[in-house]
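Quick look at final-v8.pdb (PDB, C-alpha atoms, pLDDT in the B column):
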```
MODEL        1
ATOM      1  CA  MET A   1       0.000   0.000   0.000  1.00 74.00           C
ATOM      2  CA  ALA A   2       2.680   2.527   0.991  1.00 95.00           C
ATOM      3  CA  GLU A   3       4.721   1.762  -2.137  1.00 96.00           C
ATOM      4  CA  ALA A   4       1.667   2.274  -4.364  1.00 97.00           C
ATOM      5  CA  GLN A   5       0.961   5.598  -2.630  1.00 98.00           C
ATOM      6  CA  LEU A   6       4.580   6.685  -3.049  1.00 98.00           C
ATOM      7  CA  GLN A   7       4.514   5.826  -6.755  1.00 98.00           C
ATOM      8  CA  LEU A   8       1.282   7.800  -7.152  1.00 98.00           C
ATOM      9  CA  VAL A   9       2.978  10.881  -5.666  1.00 98.00           C
ATOM     10  CA  ALA A  10       6.175  10.341  -7.688  1.00 98.00           C
ATOM     11  CA  ARG A  11       4.237  10.132 -10.966  1.00 98.00           C
ATOM     12  CA  ARG A  12       2.738  13.573 -10.301  1.00 98.00           C
ATOM     13  CA  VAL A  13       6.022  15.464  -9.733  1.00 98.00           C
ATOM     14  CA  ARG A  14       7.001  17.227 -12.978  1.00 97.00           C
ATOM     15  CA  SER A  15      10.435  18.365 -14.065  1.00 96.00           C
ATOM     16  CA  PHE A  16      11.145  21.619 -15.885  1.00 96.00           C
ATOM     17  CA  PRO A  17      14.689  22.047 -17.233  1.00 96.00           C
ATOM     18  CA  ASP A  18      16.308  25.479 -17.107  1.00 95.00           C
ATOM     19  CA  PHE A  19      13.800  27.012 -14.683  1.00 93.00           C
ATOM     20  CA  PRO A  20      14.078  29.533 -13.087  1.00 89.00           C
ATOM     21  CA  ILE A  21      17.552  29.901 -14.634  1.00 91.00           C
ATOM     22  CA  PRO A  22      19.597  27.878 -17.140  1.00 93.00           C
ATOM     23  CA  GLY A  23      21.100  24.740 -15.615  1.00 90.00           C
ATOM     24  CA  VAL A  24      18.421  24.265 -12.946  1.00 89.00           C
ATOM     25  CA  LEU A  25      16.018  21.307 -13.137  1.00 92.00           C
ATOM     26  CA  PHE A  26      12.884  22.490 -11.313  1.00 94.00           C
ATOM     27  CA  ARG A  27      10.749  19.857  -9.545  1.00 96.00           C
ATOM     28  CA  ASP A  28       7.120  20.975  -9.670  1.00 97.00           C
ATOM     29  CA  ILE A  29       4.660  19.660  -7.070  1.00 97.00           C
ATOM     30  CA  SER A  30       1.657  21.461  -8.622  1.00 97.00           C
ATOM     31  CA  PRO A  31       0.271  18.230 -10.143  1.00 98.00           C
ATOM     32  CA  VAL A  32       0.407  16.580  -6.691  1.00 98.00           C
ATOM     33  CA  LEU A  33      -1.824  19.350  -5.370  1.00 98.00           C
ATOM     34  CA  LYS A  34      -4.119  19.186  -8.393  1.00 98.00           C
ATOM     35  CA  ASP A  35      -4.808  15.464  -7.968  1.00 98.00           C
ATOM     36  CA  PRO A  36      -6.757  14.709  -4.757  1.00 98.00           C
ATOM     37  CA  ASP A  37      -5.566  11.087  -4.605  1.00 98.00           C
ATOM     38  CA  SER A  38      -1.916  12.055  -4.971  1.00 98.00           C
ATOM     39  CA  PHE A  39      -2.159  14.860  -2.410  1.00 98.00           C
ATOM     40  CA  ARG A  40      -3.997  12.589   0.030  1.00 98.00           C
ATOM     41  CA  ALA A  41      -1.291   9.948  -0.469  1.00 98.00           C
ATOM     42  CA  SER A  42       1.485  12.449   0.276  1.00 98.00           C
ATOM     43  CA  ILE A  43      -0.201  13.483   3.531  1.00 98.00           C
ATOM     44  CA  SER A  44      -0.899   9.875   4.484  1.00 98.00           C
ATOM     45  CA  LEU A  45       2.716   8.857   3.872  1.00 98.00           C
ATOM     46  CA  LEU A  46       4.156  11.769   5.846  1.00 98.00           C
ATOM     47  CA  ALA A  47       1.693  11.149   8.692  1.00 98.00           C
ATOM     48  CA  GLY A  48       2.516   7.435   8.718  1.00 98.00           C
ATOM     49  CA  HIS A  49       6.212   8.203   8.989  1.00 98.00           C
ATOM     50  CA  LEU A  50       5.648  10.651  11.851  1.00 98.00           C
ATOM     51  CA  ARG A  51       3.373   8.266  13.744  1.00 98.00           C
ATOM     52  CA  ALA A  52       5.908   5.452  13.410  1.00 98.00           C
ATOM     53  CA  THR A  53       8.839   7.669  14.387  1.00 98.00           C
ATOM     54  CA  HIS A  54       7.348   9.877  17.115  1.00 98.00           C
ATOM     55  CA  GLY A  55       4.093   8.242  18.187  1.00 95.00           C
ATOM     56  CA  GLY A  56       2.035  10.792  20.075  1.00 95.00           C
ATOM     57  CA  SER A  57       4.960  12.981  21.136  1.00 98.00           C
ATOM     58  CA  ILE A  58       4.447  15.778  18.583  1.00 98.00           C
ATOM     59  CA  ASP A  59       2.726  18.950  19.816  1.00 98.00           C
ATOM     60  CA  TYR A  60       2.597  20.985  16.578  1.00 98.00           C
ATOM     61  CA  ILE A  61       3.363  20.943  12.885  1.00 98.00           C
ATOM     62  CA  ALA A  62       5.159  24.077  11.627  1.00 98.00           C
ATOM     63  CA  GLY A  63       4.480  24.967   7.984  1.00 98.00           C
ATOM     64  CA  LEU A  64       7.060  27.031   6.093  1.00 98.00           C
ATOM     65  CA  ASP A  65       6.106  29.980   3.907  1.00 96.00           C
ATOM     66  CA  SER A  66       4.776  29.427   1.357  1.00 93.00           C
ATOM     67  CA  ARG A  67       4.377  25.909  -0.029  1.00 95.00           C
ATOM     68  CA  GLY A  68       4.803  24.369   3.408  1.00 97.00           C
ATOM     69  CA  PHE A  69       1.458  26.039   4.125  1.00 97.00           C
ATOM     70  CA  LEU A  70      -0.112  23.645   1.618  1.00 97.00           C
ATOM     71  CA  PHE A  71       1.133  20.528   3.408  1.00 98.00           C
ATOM     72  CA  GLY A  72       1.386  21.705   7.032  1.00 98.00           C
ATOM     73  CA  PRO A  73      -2.301  22.178   7.900  1.00 98.00           C
ATOM     74  CA  SER A  74      -3.389  18.971   6.157  1.00 98.00           C
ATOM     75  CA  LEU A  75      -0.644  16.997   7.883  1.00 98.00           C
ATOM     76  CA  ALA A  76      -1.549  18.556  11.231  1.00 98.00           C
ATOM     77  CA  GLN A  77      -5.213  17.659  10.740  1.00 98.00           C
ATOM     78  CA  GLU A  78      -4.322  14.085   9.794  1.00 98.00           C
ATOM     79  CA  LEU A  79      -2.359  13.804  13.048  1.00 98.00           C
ATOM     80  CA  GLY A  80      -4.937  15.634  15.168  1.00 98.00           C
ATOM     81  CA  LEU A  81      -2.544  18.533  15.856  1.00 98.00           C
ATOM     82  CA  GLY A  82      -2.441  22.277  15.437  1.00 98.00           C
ATOM     83  CA  CYS A  83      -0.354  23.994  12.785  1.00 98.00           C
ATOM     84  CA  ILE A  84       1.816  27.034  13.359  1.00 98.00           C
ATOM     85  CA  LEU A  85       3.131  29.319  10.630  1.00 97.00           C
ATOM     86  CA  ILE A  86       6.683  30.364   9.906  1.00 98.00           C
ATOM     87  CA  ARG A  87       6.498  33.266   7.472  1.00 98.00           C
ATOM     88  CA  LYS A  88       8.639  35.640   5.506  1.00 95.00           C
ATOM     89  CA  ARG A  89       9.480  38.769   7.448  1.00 95.00           C
ATOM     90  CA  GLY A  90       6.740  41.377   7.783  1.00 96.00           C
ATOM     91  CA  LYS A  91       3.796  39.016   7.195  1.00 96.00           C
ATOM     92  CA  LEU A  92       2.791  38.237  10.804  1.00 96.00           C
ATOM     93  CA  PRO A  93       1.062  40.614  13.240  1.00 97.00           C
ATOM     94  CA  GLY A  94       2.129  41.127  16.833  1.00 97.00           C
ATOM     95  CA  PRO A  95       5.512  40.504  18.426  1.00 97.00           C
ATOM     96  CA  THR A  96       7.712  38.137  16.421  1.00 97.00           C
ATOM     97  CA  VAL A  97      11.180  36.631  16.488  1.00 97.00           C
ATOM     98  CA  CYS A  98      13.301  36.603  13.337  1.00 97.00           C
ATOM     99  CA  ALA A  99      16.088  34.538  11.763  1.00 95.00           C
ATOM    100  CA  SER A 100      18.100  35.370   8.636  1.00 92.00           C
ATOM    101  CA  TYR A 101      19.371  32.888   6.079  1.00 90.00           C
ATOM    102  CA  ALA A 102      21.394  32.978   2.889  1.00 83.00           C
ATOM    103  CA  LEU A 103      19.961  32.613  -0.593  1.00 75.00           C
ATOM    104  CA  GLU A 104      21.813  32.175  -3.862  1.00 68.00           C
ATOM    105  CA  TYR A 105      21.151  35.843  -4.624  1.00 72.00           C
ATOM    106  CA  GLY A 106      21.246  37.467  -1.172  1.00 78.00           C
ATOM    107  CA  LYS A 107      19.561  36.882   2.145  1.00 89.00           C
ATOM    108  CA  ALA A 108      16.054  36.473   3.464  1.00 92.00           C
ATOM    109  CA  GLU A 109      14.386  36.426   6.860  1.00 96.00           C
ATOM    110  CA  LEU A 110      11.753  34.251   8.491  1.00 97.00           C
ATOM    111  CA  GLU A 111       9.549  35.112  11.449  1.00 98.00           C
ATOM    112  CA  ILE A 112       7.304  33.366  13.925  1.00 98.00           C
ATOM    113  CA  GLN A 113       4.961  34.957  16.427  1.00 98.00           C
ATOM    114  CA  ARG A 114       6.599  35.147  19.829  1.00 97.00           C
ATOM    115  CA  ASP A 115       3.614  33.435  21.498  1.00 98.00           C
ATOM    116  CA  ALA A 116       3.256  30.628  18.912  1.00 98.00           C
ATOM    117  CA  LEU A 117       4.783  28.049  21.258  1.00 97.00           C
ATOM    118  CA  GLN A 118       5.641  27.462  24.879  1.00 97.00           C
ATOM    119  CA  PRO A 119       9.171  26.402  25.904  1.00 98.00           C
ATOM    120  CA  GLY A 120       9.647  22.649  25.557  1.00 98.00           C
ATOM    121  CA  GLN A 121       6.863  22.048  23.059  1.00 98.00           C
ATOM    122  CA  ARG A 122       7.780  19.512  20.363  1.00 98.00           C
ATOM    123  CA  VAL A 123       7.497  20.521  16.718  1.00 98.00           C
ATOM    124  CA  VAL A 124       7.910  18.955  13.278  1.00 99.00           C
ATOM    125  CA  VAL A 125       8.765  21.359  10.440  1.00 98.00           C
ATOM    126  CA  VAL A 126       7.238  20.670   6.996  1.00 98.00           C
ATOM    127  CA  ASP A 127       7.911  22.118   3.552  1.00 98.00           C
ATOM    128  CA  ASP A 128       7.279  20.926   0.026  1.00 97.00           C
ATOM    129  CA  LEU A 129      10.951  20.623  -0.933  1.00 97.00           C
ATOM    130  CA  LEU A 130      14.409  20.632   0.623  1.00 97.00           C
ATOM    131  CA  ALA A 131      17.112  22.121  -1.603  1.00 93.00           C
ATOM    132  CA  THR A 132      20.056  23.911   0.028  1.00 92.00           C
ATOM    133  CA  GLY A 133      18.539  23.677   3.525  1.00 95.00           C
ATOM    134  CA  GLY A 134      18.780  27.364   4.388  1.00 94.00           C
ATOM    135  CA  THR A 135      15.077  27.914   4.960  1.00 95.00           C
ATOM    136  CA  MET A 136      14.646  24.822   7.131  1.00 97.00           C
ATOM    137  CA  ARG A 137      17.738  25.658   9.134  1.00 97.00           C
ATOM    138  CA  ALA A 138      16.413  29.182   9.768  1.00 97.00           C
ATOM    139  CA  ALA A 139      13.065  27.689  10.833  1.00 98.00           C
ATOM    140  CA  CYS A 140      14.841  25.420  13.310  1.00 98.00           C
ATOM    141  CA  GLU A 141      16.769  28.416  14.653  1.00 97.00           C
ATOM    142  CA  LEU A 142      13.502  30.344  15.101  1.00 97.00           C
ATOM    143  CA  LEU A 143      11.932  27.467  16.979  1.00 98.00           C
ATOM    144  CA  GLY A 144      15.065  27.274  19.115  1.00 97.00           C
ATOM    145  CA  GLN A 145      14.669  30.949  19.999  1.00 97.00           C
ATOM    146  CA  LEU A 146      11.257  30.030  21.407  1.00 98.00           C
ATOM    147  CA  GLN A 147      12.875  27.111  23.281  1.00 98.00           C
ATOM    148  CA  ALA A 148      10.813  24.577  21.337  1.00 98.00           C
ATOM    149  CA  GLU A 149      12.195  21.132  20.559  1.00 98.00           C
ATOM    150  CA  VAL A 150      12.431  20.380  16.830  1.00 98.00           C
ATOM    151  CA  LEU A 151      11.789  16.643  16.562  1.00 98.00           C
ATOM    152  CA  GLU A 152      12.243  16.411  12.803  1.00 98.00           C
ATOM    153  CA  CYS A 153      11.989  18.227   9.482  1.00 98.00           C
ATOM    154  CA  VAL A 154      10.059  16.622   6.606  1.00 98.00           C
ATOM    155  CA  SER A 155       9.372  17.383   2.961  1.00 98.00           C
ATOM    156  CA  VAL A 156       7.744  15.780  -0.030  1.00 98.00           C
ATOM    157  CA  VAL A 157      10.805  16.242  -2.296  1.00 98.00           C
ATOM    158  CA  GLU A 158      14.533  16.391  -1.521  1.00 98.00           C
ATOM    159  CA  LEU A 159      17.200  17.507  -3.993  1.00 96.00           C
ATOM    160  CA  THR A 160      20.031  15.344  -2.649  1.00 97.00           C
ATOM    161  CA  SER A 161      22.833  16.837  -4.758  1.00 95.00           C
ATOM    162  CA  LEU A 162      22.403  20.162  -2.924  1.00 93.00           C
ATOM    163  CA  ARG A 163      23.057  18.449   0.434  1.00 96.00           C
ATOM    164  CA  GLY A 164      20.499  20.523   2.320  1.00 96.00           C
ATOM    165  CA  ARG A 165      20.009  17.958   5.066  1.00 97.00           C
ATOM    166  CA  GLU A 166      23.605  18.613   6.160  1.00 97.00           C
ATOM    167  CA  LYS A 167      22.630  22.173   7.145  1.00 96.00           C
ATOM    168  CA  LEU A 168      20.138  20.755   9.631  1.00 98.00           C
ATOM    169  CA  GLY A 169      22.915  19.332  11.804  1.00 96.00           C
ATOM    170  CA  ALA A 170      21.533  16.926  14.383  1.00 97.00           C
ATOM    171  CA  VAL A 171      17.876  17.526  13.459  1.00 98.00           C
ATOM    172  CA  PRO A 172      16.516  14.392  11.743  1.00 98.00           C
ATOM    173  CA  PHE A 173      15.203  14.826   8.216  1.00 98.00           C
ATOM    174  CA  PHE A 174      12.787  12.730   6.124  1.00 98.00           C
ATOM    175  CA  SER A 175      11.595  13.109   2.532  1.00 98.00           C
ATOM    176  CA  LEU A 176       9.163  11.048   0.483  1.00 98.00           C
ATOM    177  CA  LEU A 177      11.030  11.468  -2.819  1.00 98.00           C
ATOM    178  CA  GLN A 178      14.700  12.084  -3.512  1.00 98.00           C
ATOM    179  CA  TYR A 179      16.157  13.468  -6.738  1.00 97.00           C
ATOM    180  CA  GLU A 180      19.754  14.329  -7.661  1.00 91.00           C
TER     181      GLU A 180
ENDMDL
END
```

Structure encoded using structure tokens:
Amino acid sequence: MAEAQLQLVARRVRSFPDFPIPGVLFRDISPVLKDPDSFRASISLLAGHLRATHGGSIDYIAGLDSRGFLFGPSLAQELGLGCILIRKRGKLPGPTVCASYALEYGKAELEIQRDALQPGQRVVVVDDLLATGGTMRAACELLGQLQAEVLECVSVVELTSLRGREKLGAVPFFSLLQYE
């Protein structure tokens, strides 16, 4: 069953050569979202992994701006948890904490509301794709500022040649699909 679900998701990921710049092979998850069976399978597979790995020890799912917002709430609902948002700077009201991270073309910043979590709460971070790891690392740093415990980071797709999981240090990482 799990292998059939994984193949369903894999068949829906499209590749676009030379996007957004020459030499880049873009992995597009839009068809996964378009197909209810494929999307449901991706959520089911991620939830199954988290149940097997962490049981009932997760307090929240943290979705990363912006495509992590597509998977985070559905995954949280599947697990019977709440979802918190980690957004690009300037998008959240109220007091926030901020972390900067490097991009290929400069730097960016992520924020979380200061009262999103209590110290010691256990969180899993979700995004659609792990590339260089900068965004997930910044998310982990933000959660650390709130004294939360990051149990794991997960994504649907991982671009292994970019070695993003190495930026996460000791934080475990899981992906459904891996591409060079």

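For region 62-78 of chain A, the residues within 9 Å (counting only C-alpha atoms, excluding itself and residues fewer than 5 positions away along the chain) are Leu33, Phe39, Arg40, Ser42, Ile43, Ser44, Leu46, Ala47, Cys83, Ile84, Leu85, Ile86, Arg87, Lys88, Leu110, Val123, Val124, Val125, Val126, Asp127, Asp128, Leu129, Thr135, Met136, Ala139, Ser155 and Val156 of chain A.
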
Original post:
Expressed in Å to a single decimal, how great is the separation between CA of Ala108 (chain A) and CA of Arg165 (chain A)?
Top reply: 19.0 Å

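Nearest-residue note for Gly94 (chain A): choosing from A:Leu45, A:Leu177, A:Ile112, A:Cys140, the minimum distance belongs to A:Ile112, counting only C-alpha atoms.
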
**OP:** Write out as a list in words each polymer residue whose atoms come within 10 Å of Ala41 (chain A), counting all atoms listed in the file; drop sequence neighbours fewer than 3 positions from it.
**Re:**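 Once the nearby chain positions are removed, what remains is Ala2, Ala4, Gln5, Leu6, Gln7, Leu8, Val9, Val32, Asp35, Pro36, Asp37, Ser38, Ser44, Leu45, Leu46 and Ala47 of chain A.
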
**OP:** Give me, please, the distance in Å between CA of Val150 (chain A) and CA of Tyr60 (chain A), quoted to one decimal.
**Re:** 9.9 Å

Original post:
Taking all atoms listed in the file into account, which of A:Lys34, A:Gly48, A:Cys153, A:Gly134 comes nearest Met1 (chain A)?
Top reply: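 Under the stated criterion, the closest residue is A:Gly48.
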
Original post:
Which is closest to Gly169 (chain A) among A:Leu79, A:Val157, A:Ala52, A:Ala138, if we use all atoms listed in the file?
Top reply: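 Of the candidates, the smallest distance to Gly169 (chain A) is held by A:Ala138.
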
Original post:
In file coordinates, which residues lie within 12 Å of (19.8, 32.0, 0.4) using only C-alpha atoms, given as number ranges by chain?
Top reply: A: 100-110, 131-138, 164

**OP:** Could you list the residues chosen by the PyMOL selection byres ((chain A and resi 15) around 6) in this structure as an MDAnalysis selection string?
**Re:** chainID A and resid 14 16 26:27

Subject >> Nearest-residue call for Val13 (chain A), choices A:Pro31, A:Thr96, A:Leu25, A:Phe173, using only C-alpha atoms >> reply: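 Closest to Val13 (chain A), using only C-alpha atoms: A:Pro31.
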
Subject >> Reference answer for the PyMOL selection byres ((chain A and resi 147) around 6), as a list in words >> reply: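 In the shown coordinates, the PyMOL selection byres ((chain A and resi 147) around 6) covers Pro119, Gly120, Gly144, Gln145, Leu146 and Ala148 of chain A.
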
Subject >> Which of A:Glu158, A:Glu111, A:Glu3, A:Asp28 sits closest to Leu142 (chain A) [using all atoms listed in the file] >> reply: A:Glu111

Original post:
If you measure from CA of Ile29 (chain A) to CA of Asp59 (chain A), what distance in Å do you get, rounded to one decimal?
Top reply: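 Computing the Euclidean distance for CA of Ile29 (chain A) and CA of Asp59 (chain A) yields 27.0 Å.
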